[in-house]
Every structure is written in C-alpha cells, then in structure tokens.
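Asks: Dropping in data.cif, with mmCIF, C-alpha atoms, pLDDT in the B column; chains and numbers go by the auth columns.
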data_data
#
loop_
_atom_site.group_PDB
_atom_site.id
_atom_site.type_symbol
_atom_site.label_atom_id
_atom_site.label_comp_id
_atom_site.label_asym_id
_atom_site.label_seq_id
_atom_site.Cartn_x
_atom_site.Cartn_y
_atom_site.Cartn_z
_atom_site.B_iso_or_equiv
_atom_site.auth_seq_id
_atom_site.auth_asym_id
ATOM 1 C CA MET A 1 -87.664 -5.082 11.712 96.00 1 X
ATOM 2 C CA VAL A 2 -89.227 -8.433 10.898 97.00 2 X
ATOM 3 C CA LEU A 3 -92.284 -9.116 8.754 97.00 3 X
ATOM 4 C CA SER A 4 -94.476 -10.160 11.702 96.00 4 X
ATOM 5 C CA GLU A 5 -94.036 -6.622 13.167 96.00 5 X
ATOM 6 C CA LEU A 6 -94.790 -4.724 9.950 96.00 6 X
ATOM 7 C CA PRO A 7 -97.970 -2.613 10.207 96.00 7 X
ATOM 8 C CA LEU A 8 -100.816 -3.488 7.832 95.00 8 X
ATOM 9 C CA ARG A 9 -100.509 -2.098 4.305 96.00 9 X
ATOM 10 C CA GLN A 10 -97.039 -0.609 4.867 96.00 10 X
ATOM 11 C CA ALA A 11 -94.662 -1.367 2.003 95.00 11 X
ATOM 12 C CA ALA A 12 -91.245 -2.788 2.838 97.00 12 X
ATOM 13 C CA VAL A 13 -88.421 -4.698 1.169 97.00 13 X
ATOM 14 C CA VAL A 14 -87.086 -8.126 2.122 97.00 14 X
ATOM 15 C CA ALA A 15 -83.505 -8.040 3.384 98.00 15 X
ATOM 16 C CA MET A 16 -83.050 -11.735 4.213 97.00 16 X
ATOM 17 C CA VAL A 17 -84.618 -14.855 5.695 98.00 17 X
ATOM 18 C CA ASP A 18 -83.170 -16.055 9.008 97.00 18 X
ATOM 19 C CA GLU A 19 -81.776 -19.587 9.002 95.00 19 X
ATOM 20 C CA ARG A 20 -82.094 -21.304 12.374 92.00 20 X
ATOM 21 C CA ALA A 21 -80.131 -24.424 11.401 92.00 21 X
ATOM 22 C CA PRO A 22 -78.050 -25.710 8.480 91.00 22 X
ATOM 23 C CA ASN A 23 -80.351 -26.528 5.540 91.00 23 X
ATOM 24 C CA ASP A 24 -83.301 -24.993 7.425 94.00 24 X
ATOM 25 C CA PRO A 25 -86.474 -26.242 5.642 96.00 25 X
ATOM 26 C CA VAL A 26 -88.624 -23.264 6.718 96.00 26 X
ATOM 27 C CA ALA A 27 -86.084 -20.722 5.481 97.00 27 X
ATOM 28 C CA ARG A 28 -85.703 -22.648 2.223 97.00 28 X
ATOM 29 C CA ARG A 29 -89.500 -22.756 1.747 97.00 29 X
ATOM 30 C CA LEU A 30 -89.829 -19.020 2.368 97.00 30 X
ATOM 31 C CA ARG A 31 -87.113 -18.273 -0.212 97.00 31 X
ATOM 32 C CA GLU A 32 -88.783 -20.618 -2.713 96.00 32 X
ATOM 33 C CA LEU A 33 -92.049 -18.705 -2.217 95.00 33 X
ATOM 34 C CA GLY A 34 -90.267 -15.478 -3.185 96.00 34 X
ATOM 35 C CA PHE A 35 -89.044 -14.004 0.090 97.00 35 X
ATOM 36 C CA VAL A 36 -85.644 -13.043 -1.314 97.00 36 X
ATOM 37 C CA ALA A 37 -83.553 -9.919 -0.863 97.00 37 X
ATOM 38 C CA GLY A 38 -84.929 -6.932 -2.724 96.00 38 X
ATOM 39 C CA GLU A 39 -88.519 -8.206 -3.138 96.00 39 X
ATOM 40 C CA PRO A 40 -91.293 -5.799 -2.141 96.00 40 X
ATOM 41 C CA VAL A 41 -93.515 -7.116 0.645 97.00 41 X
ATOM 42 C CA GLU A 42 -96.477 -5.986 2.728 96.00 42 X
ATOM 43 C CA VAL A 43 -98.920 -7.435 5.238 97.00 43 X
ATOM 44 C CA VAL A 44 -102.348 -7.191 3.597 97.00 44 X
ATOM 45 C CA ALA A 45 -104.515 -8.551 6.444 97.00 45 X
ATOM 46 C CA ALA A 46 -104.366 -10.438 9.723 96.00 46 X
ATOM 47 C CA GLY A 47 -106.640 -13.083 11.168 94.00 47 X
ATOM 48 C CA PRO A 48 -109.158 -12.148 13.857 90.00 48 X
ATOM 49 C CA LEU A 49 -107.884 -14.294 16.748 83.00 49 X
ATOM 50 C CA GLY A 50 -104.365 -13.444 17.797 81.00 50 X
ATOM 51 C CA ARG A 51 -103.927 -11.727 14.423 88.00 51 X
ATOM 52 C CA GLU A 52 -102.991 -15.070 12.878 92.00 52 X
ATOM 53 C CA PRO A 53 -102.469 -16.027 10.110 96.00 53 X
ATOM 54 C CA LEU A 54 -101.046 -13.035 8.278 97.00 54 X
ATOM 55 C CA LEU A 55 -101.981 -12.487 4.639 97.00 55 X
ATOM 56 C CA VAL A 56 -98.706 -11.347 3.100 97.00 56 X
ATOM 57 C CA GLN A 57 -98.033 -10.125 -0.415 97.00 57 X
ATOM 58 C CA VAL A 58 -94.545 -10.613 -1.807 96.00 58 X
ATOM 59 C CA GLY A 59 -94.154 -9.281 -5.318 91.00 59 X
ATOM 60 C CA PHE A 60 -97.532 -9.965 -6.945 93.00 60 X
ATOM 61 C CA THR A 61 -98.337 -13.149 -4.978 95.00 61 X
ATOM 62 C CA ARG A 62 -100.198 -13.523 -1.678 97.00 62 X
ATOM 63 C CA PHE A 63 -99.530 -16.128 1.009 94.00 63 X
ATOM 64 C CA ALA A 64 -100.966 -16.924 4.430 96.00 64 X
ATOM 65 C CA LEU A 65 -98.119 -17.187 6.936 97.00 65 X
ATOM 66 C CA ARG A 66 -98.067 -17.973 10.613 96.00 66 X
ATOM 67 C CA ARG A 67 -96.557 -15.181 12.683 96.00 67 X
ATOM 68 C CA ILE A 68 -93.654 -17.442 13.666 96.00 68 X
ATOM 69 C CA GLU A 69 -92.817 -17.901 9.960 97.00 69 X
ATOM 70 C CA ALA A 70 -93.197 -14.190 9.214 97.00 70 X
ATOM 71 C CA ALA A 71 -90.796 -13.422 12.067 97.00 71 X
ATOM 72 C CA ARG A 72 -88.067 -15.203 10.080 98.00 72 X
ATOM 73 C CA VAL A 73 -88.244 -12.598 7.265 98.00 73 X
ATOM 74 C CA ARG A 74 -86.028 -9.603 8.011 98.00 74 X
ATOM 75 C CA LEU A 75 -86.868 -6.326 6.310 98.00 75 X
ATOM 76 C CA ARG A 76 -84.547 -3.677 4.983 92.00 76 X
ATOM 77 C CA SER A 77 -84.506 -0.582 7.131 66.00 77 X
ATOM 78 C CA GLY A 78 -85.527 2.702 5.581 52.00 78 X
ATOM 79 C CA SER A 79 -87.454 3.064 2.351 53.00 79 X
ATOM 80 C CA GLY A 80 -90.241 0.904 1.029 48.00 80 X
ATOM 81 C CA ALA A 81 -90.833 -1.130 -2.115 47.00 81 X
ATOM 82 C CA GLY A 82 -89.180 1.296 -4.516 46.00 82 X
ATOM 83 C CA ALA A 83 -85.701 0.760 -3.043 41.00 83 X
#
So that I can check it, write out the structure of this file as structure tokens.

Replies:
Amino acid sequence: MVLSELPLRQAAVVAMVDERAPNDPVARRLRELGFVAGEPVEVVAAGPLGREPLLVQVGFTRFALRRIEAARVRLRSGSGAGA
C-alpha cells in the first residue's frame, strides 16, 4: 500500500520511498522530512476538492503533501505504528 491510499487516521509504518530516477529530488526531500523506514505515519486530513493536499503526520511532525508525492511513500504491510 502507498501513503496516498491510506485511510484517514489509520496508523501505518513507512517501508520505503520510491525513487523514480537516480538522485531523485522528490524522494530525497521526502526522506529528509522524515519518511524513512520504520517511522510511524498516518493521514490526518485531506483537502476538500479532490482530497488534496493530504495532511500527513510522520513521527511527531505534520506536513501537507500532494497525493502524487504521498504515492511515492510505500507502507509496510501488516501492523501499524508499534511495529
């Protein structure tokens, strides 16, 4: 599953960030923001039109992400934030 498909307020854990090219600047930015393997994550809210942007919490920090960016964050299958 990817972050853009995660239901609101459901806890999950980051597995990885997809790289679309060598030295991918979007993937690097997402990792710098804290989207790294093992970090707890959840979608807190979504915008009214087209459900964009997504308000995402990773660890204790919240970010607004476009759905296309959130789709780059792969989630660990199975258990939630305690894993």

Asks: With 5 Å added on each side, what axis-aligned box encloses every listed atom of region 54-65 of chain X? Give the centre and edge lengths in Å to one decimal, as AutoDock Vina command-line options.

Replies:
--center_x -98.1 --center_y -13.2 --center_z 0.7 --size_x 17.8 --size_y 17.9 --size_z 25.2

Asks: With all atoms listed in the file as the basis for distance, which of X:Val36, X:Met16, X:Leu54, X:Ala11 is at the shortest distance from Leu75 (chain X)?

Replies: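 Of all the options, X:Met16 lies closest to Leu75 (chain X).
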
Asks: Given all atoms listed in the file as the basis, pick out the residue of X:Asp24, X:Glu19, X:Glu52, X:Glu32 nearest to Arg67 (chain X).

Replies: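 Among X:Asp24, X:Glu19, X:Glu52, X:Glu32, it is X:Glu52 that comes nearest to Arg67 (chain X).
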
Asks: Counting all atoms listed in the file, figure out which residue out of X:Pro40, X:Ala21, X:Val14, X:Ser4 gets nearest to Ala64 (chain X).

Replies: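 Ranked by minimum distance to Ala64 (chain X), first place goes to X:Ser4.
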
Asks: Got a sec to resolve the PyMOL selection byres ((chain X and resi 43) around 10) on this structure and send the residues as a PyMOL selection string?

Replies: chain X and resi 3-12+41-42+44-46+54-58+62-65+70

Asks: Grab the CA of Thr61 (chain X) to CA of Phe35 (chain X) distance for me, in Å with one decimal place.

Replies: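 Here the two named atoms are 10.6 Å from each other.
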
Asks: Considering only C-alpha atoms, state which residue in the set X:Ala15, X:Ala27, X:Val2, X:Leu33 is at the smallest distance from Gly59 (chain X).

Replies: X:Leu33

Asks: Identify which of the residues X:Pro53, X:Pro48, X:Val13, X:Ile68 lies closest to Gly34 (chain X), counting all atoms listed in the file when measuring atom-to-atom distances.

Replies: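 Once distances to Gly34 (chain X) are computed over all atoms listed in the file, the minimum belongs to X:Val13.
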
Asks: For a test of reading the model, state the distance in Å between CA of Glu39 (chain X) and CA of Glu69 (chain X), rounded to one decimal.

Replies: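 Between CA of Glu39 (chain X) and CA of Glu69 (chain X) the gap works out to 16.9 Å.
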
Asks: Find the distance between CA of Phe60 (chain X) and CA of Asn23 (chain X) and write it in Å to one decimal.

Replies: 26.9 Å

Asks: Is it possible to add all heavy atoms to region 66-77 of chain X and hand it back as a compact mmCIF listing (two decimals), keeping the file's coordinate frame?

Replies:
# COMPACT_ATOMS: atom_id res chain seq x y z
N ARG X 66 -97.97 -18.07 9.16
CA ARG X 66 -98.07 -17.97 10.61
C ARG X 66 -97.11 -16.88 11.06
O ARG X 66 -96.11 -16.60 10.40
CB ARG X 66 -97.68 -19.30 11.26
CG ARG X 66 -98.68 -20.40 10.95
CD ARG X 66 -98.25 -21.71 11.54
NE ARG X 66 -97.06 -22.15 10.82
CZ ARG X 66 -96.34 -23.22 11.12
NH1 ARG X 66 -96.68 -23.96 12.15
NH2 ARG X 66 -95.30 -23.55 10.41
N ARG X 67 -97.41 -16.27 12.18
CA ARG X 67 -96.56 -15.18 12.68
C ARG X 67 -95.12 -15.67 12.95
O ARG X 67 -94.16 -14.95 12.71
CB ARG X 67 -97.15 -14.58 13.96
CG ARG X 67 -98.45 -13.85 13.69
CD ARG X 67 -99.02 -13.19 14.91
NE ARG X 67 -98.45 -11.88 15.20
CZ ARG X 67 -98.61 -10.80 14.45
NH1 ARG X 67 -99.29 -10.86 13.35
NH2 ARG X 67 -98.08 -9.66 14.81
N ILE X 68 -94.99 -16.90 13.39
CA ILE X 68 -93.65 -17.44 13.67
C ILE X 68 -92.83 -17.57 12.37
O ILE X 68 -91.62 -17.39 12.37
CB ILE X 68 -93.73 -18.78 14.44
CG1 ILE X 68 -92.39 -19.12 15.04
CG2 ILE X 68 -94.26 -19.90 13.56
CD1 ILE X 68 -92.46 -20.18 16.11
N GLU X 69 -93.50 -17.86 11.26
CA GLU X 69 -92.82 -17.90 9.96
C GLU X 69 -92.48 -16.49 9.49
O GLU X 69 -91.37 -16.24 9.01
CB GLU X 69 -93.69 -18.58 8.91
CG GLU X 69 -93.93 -20.04 9.17
CD GLU X 69 -95.00 -20.63 8.28
OE1 GLU X 69 -95.93 -19.90 7.86
OE2 GLU X 69 -94.91 -21.84 8.00
N ALA X 70 -93.43 -15.58 9.64
CA ALA X 70 -93.20 -14.19 9.21
C ALA X 70 -92.06 -13.55 10.01
O ALA X 70 -91.35 -12.69 9.49
CB ALA X 70 -94.48 -13.39 9.36
N ALA X 71 -91.87 -13.97 11.24
CA ALA X 71 -90.80 -13.42 12.07
C ALA X 71 -89.42 -13.81 11.55
O ALA X 71 -88.41 -13.23 11.95
CB ALA X 71 -90.96 -13.88 13.51
N ARG X 72 -89.35 -14.78 10.65
CA ARG X 72 -88.07 -15.20 10.08
C ARG X 72 -87.62 -14.30 8.92
O ARG X 72 -86.48 -14.38 8.48
CB ARG X 72 -88.19 -16.64 9.55
CG ARG X 72 -88.71 -17.64 10.56
CD ARG X 72 -87.65 -18.25 11.43
NE ARG X 72 -86.66 -19.00 10.75
CZ ARG X 72 -86.72 -20.30 10.51
NH1 ARG X 72 -87.76 -21.00 10.92
NH2 ARG X 72 -85.75 -20.91 9.89
N VAL X 73 -88.55 -13.46 8.41
CA VAL X 73 -88.24 -12.60 7.26
C VAL X 73 -87.82 -11.23 7.78
O VAL X 73 -88.62 -10.51 8.37
CB VAL X 73 -89.48 -12.48 6.33
CG1 VAL X 73 -89.15 -11.54 5.16
CG2 VAL X 73 -89.92 -13.83 5.84
N ARG X 74 -86.56 -10.90 7.58
CA ARG X 74 -86.03 -9.60 8.01
C ARG X 74 -86.24 -8.60 6.88
O ARG X 74 -86.08 -8.93 5.70
CB ARG X 74 -84.55 -9.70 8.32
CG ARG X 74 -84.28 -10.57 9.52
CD ARG X 74 -83.09 -10.09 10.30
NE ARG X 74 -82.96 -10.85 11.52
CZ ARG X 74 -83.51 -10.46 12.67
NH1 ARG X 74 -84.18 -9.36 12.74
NH2 ARG X 74 -83.37 -11.21 13.74
N LEU X 75 -86.59 -7.38 7.28
CA LEU X 75 -86.87 -6.33 6.31
C LEU X 75 -85.75 -5.30 6.30
O LEU X 75 -85.10 -5.06 7.31
CB LEU X 75 -88.19 -5.64 6.66
CG LEU X 75 -89.38 -6.60 6.77
CD1 LEU X 75 -90.62 -5.83 7.21
CD2 LEU X 75 -89.63 -7.31 5.45
N ARG X 76 -85.56 -4.72 5.15
CA ARG X 76 -84.55 -3.68 4.98
C ARG X 76 -85.02 -2.43 5.72
O ARG X 76 -86.18 -2.04 5.61
CB ARG X 76 -84.42 -3.37 3.49
CG ARG X 76 -83.17 -2.68 3.10
CD ARG X 76 -83.12 -2.41 1.64
NE ARG X 76 -82.85 -3.65 0.90
CZ ARG X 76 -82.96 -3.75 -0.42
NH1 ARG X 76 -83.37 -2.72 -1.13
NH2 ARG X 76 -82.69 -4.87 -1.02
N SER X 77 -84.13 -1.81 6.45
CA SER X 77 -84.51 -0.58 7.13
C SER X 77 -84.58 0.56 6.13
O SER X 77 -83.94 0.54 5.09
CB SER X 77 -83.47 -0.25 8.22
OG SER X 77 -82.21 -0.07 7.63
